[in-house]
Structure formats: structure tokens, C-alpha cells
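Down below is the structure, laid out as C-alpha cells.
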Amino acid sequence: MSKNKIKGKQHPNSNSTTSPQTKTVKLNPTKNQPDYLLWGFGFAVVLITFFVFKHSLNLQFVNWDDPYNLLENETLKIFAYSWSWKGVKTIFTTDVIGNYNPLPILTFAMEKYFFAPDPVLNPFVFHFNNLWMHLVCTLLVYILFIKLNINKTAAFIGALLFGIHPMRVESVAWITERKDVLYGMFFLAALITYINYTQSQKHKTKWFIATIVLSLFSYFAKIQAVTLPLSMVAIDFLLKRDWKSPKIVIAEKLPWWVLSLSFGLINIYFLKSQNSLNSDQSVVAFNFLDKLAVGAYSYAIYIIKWIYPYRMSPLYPYPPKLPIQAYIALAVVPVLLAAFLFWTIKNKKYDLLFGWMFFTFNVMFLLQIVGAGQGFLADRFTYIAYIGLFYIMIKGFEWAISQKPALKLPLQIAAAVYLILFGFLTMRQLKVWENSETLWEHVKVYYPDSPLAWKQAGNYYRDEKKDFAKAVLNYQEAIRMEPKVAYTYNGLAKAYLDQAFRLDPKLIDFKQQQNELIQQAIQSYNSAIRLDSINGRPDKKIAGEIIVNRGVAYAVIGNMDFALRDLNDGLKVNPENTNGYLNRALIYFNMNQYELSLKDDEAYLKLNPFNADIVYGRGLCKFALNRTEESITDFSNAIALKNTQPLFYLARSKAYRKLGNVSASVNDARQAKQMGADVPTELLQ
């Protein structure tokens, strides 16, 4: 029988002249392969990946978005003391610095509630959960490759490439990037159930619904899940479904097109509300041609780093001027892609075409043609996208062995050496994420002219290491590079102010040194406010913070008139600045203006109802205003939110005593004393 008369199902990579897109291929990868052997390879993939990444369990938090998402997230504070469904609702209806990813934030809430009320004291829990989610993703990649008709050895290599590739480190080691491993877990599971749906005869509805449910979790975890329907189209193409028909590409996938559009618009709304789209001045300065060059350059670098990840950095800052390589990439990349597509289509290399489609669909929205961030590259952007390139790699491995079986052992040895190299690079890169110091000092090695790296290093030395001299030097270097950024002056001022607070009172010239530091802080705040005004205060949140901070500095030196002026002005600029209400309430309370202090406490609690200290402060105001019963309610609520503070019990003891409830007063007084408070004797009797 001649070849051109052969009929029936054929793999998409076949050279058959029959139509490649007629009906779904029923894959049977487990034929003649014992289940224990298949799952043994899967277990080995997980075990090796764990070994390579186990050091991530010893890492700390970093000051790059971890504070916004977890450590200082006001919405999460209540979960340290009790479960709050109101807090859950807030998580799903608000963004974090322009990003709408409520599911990772919800997992942080659960970790705080069940395991780590103070996350700083227990980073292990958060790293552990990041790691096991990555291990699940790695296993799901193995299953996905098996379902796409990859043999067990090649699937093992491909999954291990996914699991231990150095470009995975950022997604696993960075707590904030819980988004990647969480969205990836549900994204991959959804693709697997989708394949089951396409191949099932009896349970199509079940698999269809399961895919929608898993997809929803992925969408709520990260915006990158919007590529799900495109990834499904790529799978349709590989499985020889009639992927171009409106019934398949539109009607069948309508739920995912609607979900992708909806979540995309939600994320664009939040990004715009936080000025996160094209917010970096260096990005705004790029014209459209420059941005296309950035996209082509990023695309090329991602492909190169797939093969060998060189010069890995947590941050790849935009250069003031694009390198010539970017414009070369803009000229060369489209030509090479066109040639690749022409060759694969002409030679019916549909496996290669699928791998390219999967990679491109999952990276194309992240090429920073529309800038939304502080860098033009990010290792984390390749988390799912690289699966397409790994597929190409292992298909090449399969093809080479099928053509020349004698190459099997040499190729397996080469693959082992390659994987060992990746394991070594990954373990080395994990050390970059030890803490904020190692992270930003590493960035400064590759990008010494990045003001962001110097500023963030300054934040670390100020807030965590308390090395104020080093913090000041880092801020000053950032200002030297970028002298017109108000927020850097704000950081410098806070360093001076914190140093003033931590001076040893036993110093002979303590007062003089403290006043000098506070004056330096005020001068830096003056520079920050002036620069921010010149720039038109583009970010009202930051503008309000700077003015409020200067007000706090004035309050420290006792200039209450100037302090109240700044606090009032700062709250006018940003009425949601909780620190402004807090400090103004304290000033009013110390001035015995309890009504005004109470008003500010209530304004604060409208924005953050879970701050036990402010609820306690409101109770003190009510007690001073002879609203004693109401004060007891506040003290009780404060205790419910934070039962580790003896002053709350002591205040309630005094309120109960004022109302004549002696037994309740004594109980609270004894509790306060047991917790270490200095309790007046009369309250204990």
C-alpha cells in the first residue's frame, strides 16, 4: 500500500497529507507501561525538586512587596487574632498595590490565623507552602506531558526541567510570588481536566465543569491565568481537534473568554487606580518603537535563558537608554519567527508549533510593551510559559532517540549533566533570596546604577538591620542617581527620624544629637514635599504620606502647631492615610481634646476596623468623656482582637470599677497583673 493512501488517526507531527485538524486524537500514553513505573518517575521528579529547593525553607521575607502583601497588609491584621469573614470579603473586593490576586492573600490570612500570627517570627510556614505548591505544579507538568503522548523518560526530563530550572527560583523563594505557584497549580490542573474533557465520551459534562472550577481558582490567584483559553486552543491544535471552528474556539470556550476578559478588565482598573501602568518615568519616556524593541528584546532573552539562565537578577531595571541589542532584536526576532513558522507548517512539525504557541501565548502579555512594573524582564513571567519550550526540548530528545537508538545512553547522560548544572545554579540562586540585604546587594552587582536597588537596600538597613549610617549612605546614593524622586527623600528622612528615636539617652549631648537628626529629617521631608509638588503630586497616597511624616517629626520636637498643620494637609491630600488619623488622635488626646481625638479614632477604624490599639484608644476617649459603658465595649472589642495586651485589661478594670462592678474590675486587674502590667493596689481589692 502506498503511503498517501494510509487512512485513520495520526499524530500531529506526522507527515501525512490528510487534514491535520479533523478529530480529537485519543492519546494512550500508558499503553504497555506499568502504573507503578509511571508514578515512580513522578515521585522521583518531586523528590529531586524538593532536594534542590529545600534551602528555600530557611529564607526570610524580603522588603520587595512582601510588606504590602503580607507583613503590613492592614486587611490581614485581624487574622492574627480571629477569623473574619468581613476581612475575607475585603480581600476579594480590593487590590494590593494595583494587583488583584485575592486567592494568595486569602492563603496568607489562613497561615496567619492557623500558624503564624506574627509572620516575621515564622517565615518557614509561608516558604513551606510555596514549596509544596511548586512540587504539585511539577508533578502536574509530568502528568500533562504524559497526557500529551510524551514517553515516561522524556516526561521525567521535561518535568524536572520545569521543577529545577533556575528561572523558577523567584516564583518559589519570594513569598509575594505565591501568586505564581498557586495560579500555576490550578492552571495546570485545569489543562489536564480539559484534556480529559476532550477525550471523554461518558463524562464530558463532569470534566467541563471541573475545568471551569479549577480555572476560577487560577483567575483569582493571578492575572496571568487570562491565557487559559489560548493555551486550550494550542492543546486543541496538538490533539487534532477542529480548533478553528466557531463551535470549538468560540462557543465551547466562551466561559473562558468571558472570564479572561472580565479579570483582565478588573486588573487594568486596579492597576490604573494605583498608577501602575507606565508609572515608571523611564518607561513613559520610551516611544512606541522603543516599547516594541523592549518586547522583542525580552522575548529573545527569555528564549536564551531557557537554554542557559545567565545574569539572573530579582530586578532587571529599565535602562535610561535602550541598548542597541534591543533594536537588533526588533529587526531579527520577527524574521526568525516568520521563518520558524513557515518551516514548521511546510514540514508539518506540529509538535514544535504547539510548543512555540504555548510559550508565546503565555508570555506575550508580559513583554512590557505596555509597561506595568519596575523592570523589563522578570524570571517569574516564564513560570508557565517555559512548559512550551520544555515540550519542544523533550520532543527533540524523543526524535533523536527514535532516529538513532544508539544515541539513547549518550543523550540520557547529557540530560543528566544538564539537569545537574541547573540544580547547582538553582541552589546558588536561592542564596540571593536569603533576605533583603542579599537580594538588593545582588541587584547592585549587576545593576549598580539602579536607584531602586539602593533605595530598597536603604529601607532594609533602616527598618531591619537598624544600621542607620548605612541606610543614609544608600539613600544618598539613590538620590545622587535620581535626585528628583520625592519618595527617596522620604525614606532618608525616616532614617534620620528612626535614628533620633534610638539614640542612647545616656549620651552627654543626647538632646543636641537628637534635635540635629530631627532637623535633618525635616529638611529631607521639605525636599520630598517640594519635589512632589513640582511633579504635580502624581500619587496622592505617597504625597499624603510624606506630609503626614513631616507632621510626625514636628510633633516629636514639640511643635504641635506645625504638626497639626501637616497632619491636616496630609489628610486633605489623602483622606485614607491611617497614620495621619492615628497621630492626630494622639496629639488631640494629649491636649485633652477628647472629642476630636475620638473623631480621628473613628475615621481610622472606618478604614481599618481591625486595629486593636485604635479600638482601645477610642475606648480611652469615651472613658475620659464619661461614656463609660461604651468604653467597656471598646475595651472588650480590643481584647477580642488582641488578647495579649495587659493595658486593655487594666483599662477595662478601671471602667468596671467606675461603674461599681467590683468583681469584674478585680478579675481584669488580676489578669493585667499576671501579664506583667503595673496595677494599682486598689484595683486588686
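Residue numbers start at 1 in each chain; chains themselves are named A, B, ... in the order of the C-alpha cells; ligands are numbered from 1 in the order shown.
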Discussion item. Excluding A:Leu421 and its own-chain neighbours fewer than 5 positions away, which residues fall within 12 Å of it when counting only C-alpha atoms? Please give them as a VMD selection string.
Written reply: chain A and resid 52 161 164 to 166 307 to 309 414 to 416 426 to 428
If you keep N, CA and C atoms, can you produce a file of those selected residues as an mmCIF file, in the first residue's frame?
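Output file result-v8.cif is given in full below:
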```
data_model
loop_
_atom_site.group_PDB
_atom_site.id
_atom_site.type_symbol
_atom_site.label_atom_id
_atom_site.label_comp_id
_atom_site.auth_asym_id
_atom_site.auth_seq_id
_atom_site.Cartn_x
_atom_site.Cartn_y
_atom_site.Cartn_z
ATOM 1 N N VAL A 52 16.493 20.056 45.637
ATOM 2 C CA VAL A 52 17.124 21.256 45.078
ATOM 3 C C VAL A 52 16.609 22.513 45.768
ATOM 4 N N LEU A 161 13.037 19.567 34.283
ATOM 5 C CA LEU A 161 13.461 20.869 33.758
ATOM 6 C C LEU A 161 12.575 21.970 34.321
ATOM 7 N N ILE A 164 13.297 22.296 38.422
ATOM 8 C CA ILE A 164 14.546 22.806 38.997
ATOM 9 C C ILE A 164 15.217 23.862 38.128
ATOM 10 N N HIS A 165 14.559 24.309 37.081
ATOM 11 C CA HIS A 165 15.155 25.362 36.251
ATOM 12 C C HIS A 165 15.418 26.600 37.120
ATOM 13 N N PRO A 166 16.593 27.201 37.007
ATOM 14 C CA PRO A 166 16.918 28.368 37.849
ATOM 15 C C PRO A 166 15.921 29.518 37.742
ATOM 16 N N ILE A 307 17.567 28.147 27.687
ATOM 17 C CA ILE A 307 18.677 27.228 27.439
ATOM 18 C C ILE A 307 19.759 27.378 28.511
ATOM 19 N N TYR A 308 20.120 28.614 28.806
ATOM 20 C CA TYR A 308 21.094 28.861 29.873
ATOM 21 C C TYR A 308 20.778 30.182 30.568
ATOM 22 N N PRO A 309 20.315 30.133 31.807
ATOM 23 C CA PRO A 309 19.914 31.348 32.527
ATOM 24 C C PRO A 309 21.121 32.121 33.067
ATOM 25 N N ALA A 414 23.838 13.205 28.809
ATOM 26 C CA ALA A 414 23.877 14.655 28.568
ATOM 27 C C ALA A 414 22.748 15.359 29.306
ATOM 28 N N ALA A 415 21.549 14.741 29.286
ATOM 29 C CA ALA A 415 20.410 15.323 30.000
ATOM 30 C C ALA A 415 20.682 15.368 31.499
ATOM 31 N N ALA A 416 21.284 14.318 32.029
ATOM 32 C CA ALA A 416 21.598 14.275 33.465
ATOM 33 C C ALA A 416 22.586 15.374 33.835
ATOM 34 N N THR A 426 20.358 26.660 40.500
ATOM 35 C CA THR A 426 19.165 26.973 41.293
ATOM 36 C C THR A 426 19.515 27.109 42.770
ATOM 37 N N MET A 427 20.302 26.176 43.297
ATOM 38 C CA MET A 427 20.684 26.251 44.715
ATOM 39 C C MET A 427 21.521 27.500 44.985
ATOM 40 N N ARG A 428 22.345 27.885 44.017
ATOM 41 C CA ARG A 428 23.127 29.111 44.182
ATOM 42 C C ARG A 428 22.226 30.338 44.151
#
```
Worksheet item: Where in stretch 476-582 of chain A does DSSP assign helix (DSSP H, G or I), given as a VMD selection string?
Response: chain A and resid 476 to 481 486 to 501 510 to 534 540 to 556 560 to 573 578 to 582
Written selection (C-alpha atoms) as a PDB file, in the first residue's frame:
```pdb
ATOM      1  CA  GLN A 476      22.098  59.369  49.438  1.00  0.00           C
ATOM      2  CA  GLU A 477      23.494  57.221  46.622  1.00  0.00           C
ATOM      3  CA  ALA A 478      19.972  56.694  45.266  1.00  0.00           C
ATOM      4  CA  ILE A 479      19.377  60.452  45.411  1.00  0.00           C
ATOM      5  CA  ARG A 480      22.658  61.092  43.610  1.00  0.00           C
ATOM      6  CA  MET A 481      21.495  58.869  40.747  1.00  0.00           C
ATOM      7  CA  ALA A 486      10.341  62.557  46.380  1.00  0.00           C
ATOM      8  CA  TYR A 487       9.917  59.123  47.887  1.00  0.00           C
ATOM      9  CA  THR A 488      13.657  58.562  48.277  1.00  0.00           C
ATOM     10  CA  TYR A 489      13.918  61.770  50.323  1.00  0.00           C
ATOM     11  CA  ASN A 490      11.007  60.450  52.361  1.00  0.00           C
ATOM     12  CA  GLY A 491      12.972  57.266  53.101  1.00  0.00           C
ATOM     13  CA  LEU A 492      16.075  59.269  54.022  1.00  0.00           C
ATOM     14  CA  ALA A 493      14.042  61.442  56.374  1.00  0.00           C
ATOM     15  CA  LYS A 494      12.575  58.376  58.089  1.00  0.00           C
ATOM     16  CA  ALA A 495      16.105  57.024  58.582  1.00  0.00           C
ATOM     17  CA  TYR A 496      17.121  60.232  60.358  1.00  0.00           C
ATOM     18  CA  LEU A 497      13.947  60.160  62.445  1.00  0.00           C
ATOM     19  CA  ASP A 498      14.332  56.500  63.435  1.00  0.00           C
ATOM     20  CA  GLN A 499      17.968  57.128  64.358  1.00  0.00           C
ATOM     21  CA  ALA A 500      16.843  60.008  66.574  1.00  0.00           C
ATOM     22  CA  PHE A 501      14.377  57.725  68.365  1.00  0.00           C
ATOM     23  CA  PHE A 510      21.786  63.333  73.669  1.00  0.00           C
ATOM     24  CA  LYS A 511      19.356  66.223  73.178  1.00  0.00           C
ATOM     25  CA  GLN A 512      21.629  68.034  70.779  1.00  0.00           C
ATOM     26  CA  GLN A 513      22.197  64.951  68.629  1.00  0.00           C
ATOM     27  CA  GLN A 514      18.517  64.104  68.630  1.00  0.00           C
ATOM     28  CA  ASN A 515      17.481  67.604  67.578  1.00  0.00           C
ATOM     29  CA  GLU A 516      20.090  67.638  64.812  1.00  0.00           C
ATOM     30  CA  LEU A 517      18.795  64.344  63.425  1.00  0.00           C
ATOM     31  CA  ILE A 518      15.188  65.521  63.570  1.00  0.00           C
ATOM     32  CA  GLN A 519      16.119  68.753  61.794  1.00  0.00           C
ATOM     33  CA  GLN A 520      17.853  66.697  59.076  1.00  0.00           C
ATOM     34  CA  ALA A 521      14.690  64.619  58.804  1.00  0.00           C
ATOM     35  CA  ILE A 522      12.553  67.740  58.434  1.00  0.00           C
ATOM     36  CA  GLN A 523      14.895  69.113  55.758  1.00  0.00           C
ATOM     37  CA  SER A 524      14.604  65.863  53.824  1.00  0.00           C
ATOM     38  CA  TYR A 525      10.817  65.941  54.174  1.00  0.00           C
ATOM     39  CA  ASN A 526      10.898  69.525  52.886  1.00  0.00           C
ATOM     40  CA  SER A 527      12.792  68.335  49.790  1.00  0.00           C
ATOM     41  CA  ALA A 528      10.359  65.469  49.306  1.00  0.00           C
ATOM     42  CA  ILE A 529       7.311  67.749  49.569  1.00  0.00           C
ATOM     43  CA  ARG A 530       8.843  70.336  47.224  1.00  0.00           C
ATOM     44  CA  LEU A 531       9.726  67.759  44.565  1.00  0.00           C
ATOM     45  CA  ASP A 532       6.355  66.078  44.853  1.00  0.00           C
ATOM     46  CA  SER A 533       4.605  69.424  44.392  1.00  0.00           C
ATOM     47  CA  ILE A 534       6.722  70.260  41.339  1.00  0.00           C
ATOM     48  CA  LYS A 540      -1.807  61.140  46.219  1.00  0.00           C
ATOM     49  CA  LYS A 541      -1.164  58.254  48.568  1.00  0.00           C
ATOM     50  CA  ILE A 542       2.582  58.904  48.672  1.00  0.00           C
ATOM     51  CA  ALA A 543       2.096  62.672  48.722  1.00  0.00           C
ATOM     52  CA  GLY A 544      -0.143  62.421  51.773  1.00  0.00           C
ATOM     53  CA  GLU A 545       2.306  60.070  53.480  1.00  0.00           C
ATOM     54  CA  ILE A 546       5.238  62.483  53.095  1.00  0.00           C
ATOM     55  CA  ILE A 547       3.311  65.439  54.522  1.00  0.00           C
ATOM     56  CA  VAL A 548       1.985  63.341  57.419  1.00  0.00           C
ATOM     57  CA  ASN A 549       5.501  62.079  58.150  1.00  0.00           C
ATOM     58  CA  ARG A 550       6.805  65.620  58.424  1.00  0.00           C
ATOM     59  CA  GLY A 551       3.958  66.347  60.816  1.00  0.00           C
ATOM     60  CA  VAL A 552       5.091  63.450  62.991  1.00  0.00           C
ATOM     61  CA  ALA A 553       8.643  64.876  63.013  1.00  0.00           C
ATOM     62  CA  TYR A 554       7.330  68.248  64.170  1.00  0.00           C
ATOM     63  CA  ALA A 555       5.327  66.510  66.896  1.00  0.00           C
ATOM     64  CA  VAL A 556       8.459  64.773  68.184  1.00  0.00           C
ATOM     65  CA  MET A 560       2.311  70.892  67.744  1.00  0.00           C
ATOM     66  CA  ASP A 561       1.067  73.787  65.613  1.00  0.00           C
ATOM     67  CA  PHE A 562       3.250  72.739  62.678  1.00  0.00           C
ATOM     68  CA  ALA A 563       2.487  69.087  63.397  1.00  0.00           C
ATOM     69  CA  LEU A 564      -1.276  69.617  63.227  1.00  0.00           C
ATOM     70  CA  ARG A 565      -0.889  71.763  60.100  1.00  0.00           C
ATOM     71  CA  ASP A 566       0.926  68.975  58.291  1.00  0.00           C
ATOM     72  CA  LEU A 567      -1.383  66.241  59.546  1.00  0.00           C
ATOM     73  CA  ASN A 568      -4.394  68.256  58.381  1.00  0.00           C
ATOM     74  CA  ASP A 569      -2.802  68.948  54.982  1.00  0.00           C
ATOM     75  CA  GLY A 570      -1.689  65.348  54.550  1.00  0.00           C
ATOM     76  CA  LEU A 571      -5.180  64.053  55.258  1.00  0.00           C
ATOM     77  CA  LYS A 572      -6.651  66.518  52.767  1.00  0.00           C
ATOM     78  CA  VAL A 573      -4.325  65.161  50.087  1.00  0.00           C
ATOM     79  CA  THR A 578      -4.450  55.899  58.567  1.00  0.00           C
ATOM     80  CA  ASN A 579      -1.148  57.092  60.051  1.00  0.00           C
ATOM     81  CA  GLY A 580      -2.420  60.670  59.819  1.00  0.00           C
ATOM     82  CA  TYR A 581      -5.552  59.909  61.826  1.00  0.00           C
ATOM     83  CA  LEU A 582      -3.566  57.884  64.359  1.00  0.00           C
TER      84      LEU A 582
END
```
Spatial neighbours of A:Leu228, max dist 10 Å, only C-alpha atoms, sep filter under 6 positions, as an mmCIF file with C-alpha atoms, in the first residue's frame:
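The resulting result33.cif:
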```cif
data_model
loop_
_atom_site.group_PDB
_atom_site.id
_atom_site.type_symbol
_atom_site.label_atom_id
_atom_site.label_comp_id
_atom_site.auth_asym_id
_atom_site.auth_seq_id
_atom_site.Cartn_x
_atom_site.Cartn_y
_atom_site.Cartn_z
ATOM 1 C CA PHE A 187 -3.878 26.418 35.672
ATOM 2 C CA LEU A 188 -2.144 23.077 35.057
ATOM 3 C CA ALA A 190 -7.429 22.863 34.523
ATOM 4 C CA LEU A 191 -5.468 21.934 31.388
ATOM 5 C CA SER A 215 -9.905 27.837 36.160
ATOM 6 C CA SER A 218 -6.433 30.191 38.818
ATOM 7 C CA TYR A 219 -8.004 33.503 37.750
ATOM 8 C CA ALA A 234 -2.904 25.262 21.494
ATOM 9 C CA LYS A 253 -14.572 28.225 25.205
ATOM 10 C CA TRP A 256 -13.009 31.201 29.489
ATOM 11 C CA TRP A 257 -13.107 34.087 27.021
ATOM 12 C CA LEU A 259 -13.547 35.096 32.417
ATOM 13 C CA SER A 260 -10.322 36.265 30.798
ATOM 14 C CA PHE A 361 0.601 32.667 24.356
ATOM 15 C CA ASN A 362 1.765 32.580 27.977
#
```
Worksheet item: Could you name the residues that touch A:Tyr197 at 7 Å or less, counting only C-alpha atoms, but leaving out those on the same chain fewer than 6 positions away, as a PyMOL selection string?
Response: chain A and resi 204+207-208
Given the selection you just returned, output its residues as a file containing C-alpha atoms, formatted as a PDB file, in the first residue's frame.
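Written out: out34.pdb:
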```pdb
ATOM      1  CA  LYS A 204     -17.776  15.266  29.302  1.00  0.00           C
ATOM      2  CA  TRP A 207     -14.753  17.287  33.169  1.00  0.00           C
ATOM      3  CA  PHE A 208     -16.067  20.525  31.639  1.00  0.00           C
TER       4      PHE A 208
END
```
Fill in: Shell around A:Asp118 at 8 Å using only C-alpha atoms, local window under 4 positions removed, as a ChimeraX atom specification
/A:80,112,122
Please identify all polymer residues within 8 Å of stretch 333-345 of chain A, counting only C-alpha atoms, omitting same-chain residues fewer than 6 positions from it, and present them as a PDB file with C-alpha atoms, in the first residue's frame.
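Result went into out_32.pdb, see below:
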```pdb
ATOM      1  CA  ALA A 296      11.290  41.786  21.096  1.00  0.00           C
ATOM      2  CA  ALA A 300      14.684  36.846  22.785  1.00  0.00           C
ATOM      3  CA  LEU A 352       7.200  22.190  17.501  1.00  0.00           C
ATOM      4  CA  LEU A 353       4.431  24.570  16.515  1.00  0.00           C
TER       5      LEU A 353
END
```
Discussion item. From the options A:Ala210, A:Leu47, A:Ala225, A:Val96, which residue's atoms come nearest to A:Thr138, counting only C-alpha atoms?
Written reply: A:Leu47
Fill in: Contact residues around stretch 660-665 of chain A with only C-alpha atoms at 12 Å, ignoring same-chain residues under 5 positions, as a PyMOL selection string
chain A and resi 628-629+632+649-655+670-672+679-685
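Across A:Lys54, A:Lys404, A:Lys642, A:Arg241, the tightest approach to A:Leu131 is made by A:Lys54 when counting only C-alpha atoms.
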Worksheet item: Counting only C-alpha atoms, which of A:Tyr616, A:Leu139, A:Thr90, A:Phe124 gets nearest to A:Ser631?
Response: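 Under the stated criterion, the closest residue is A:Tyr616.
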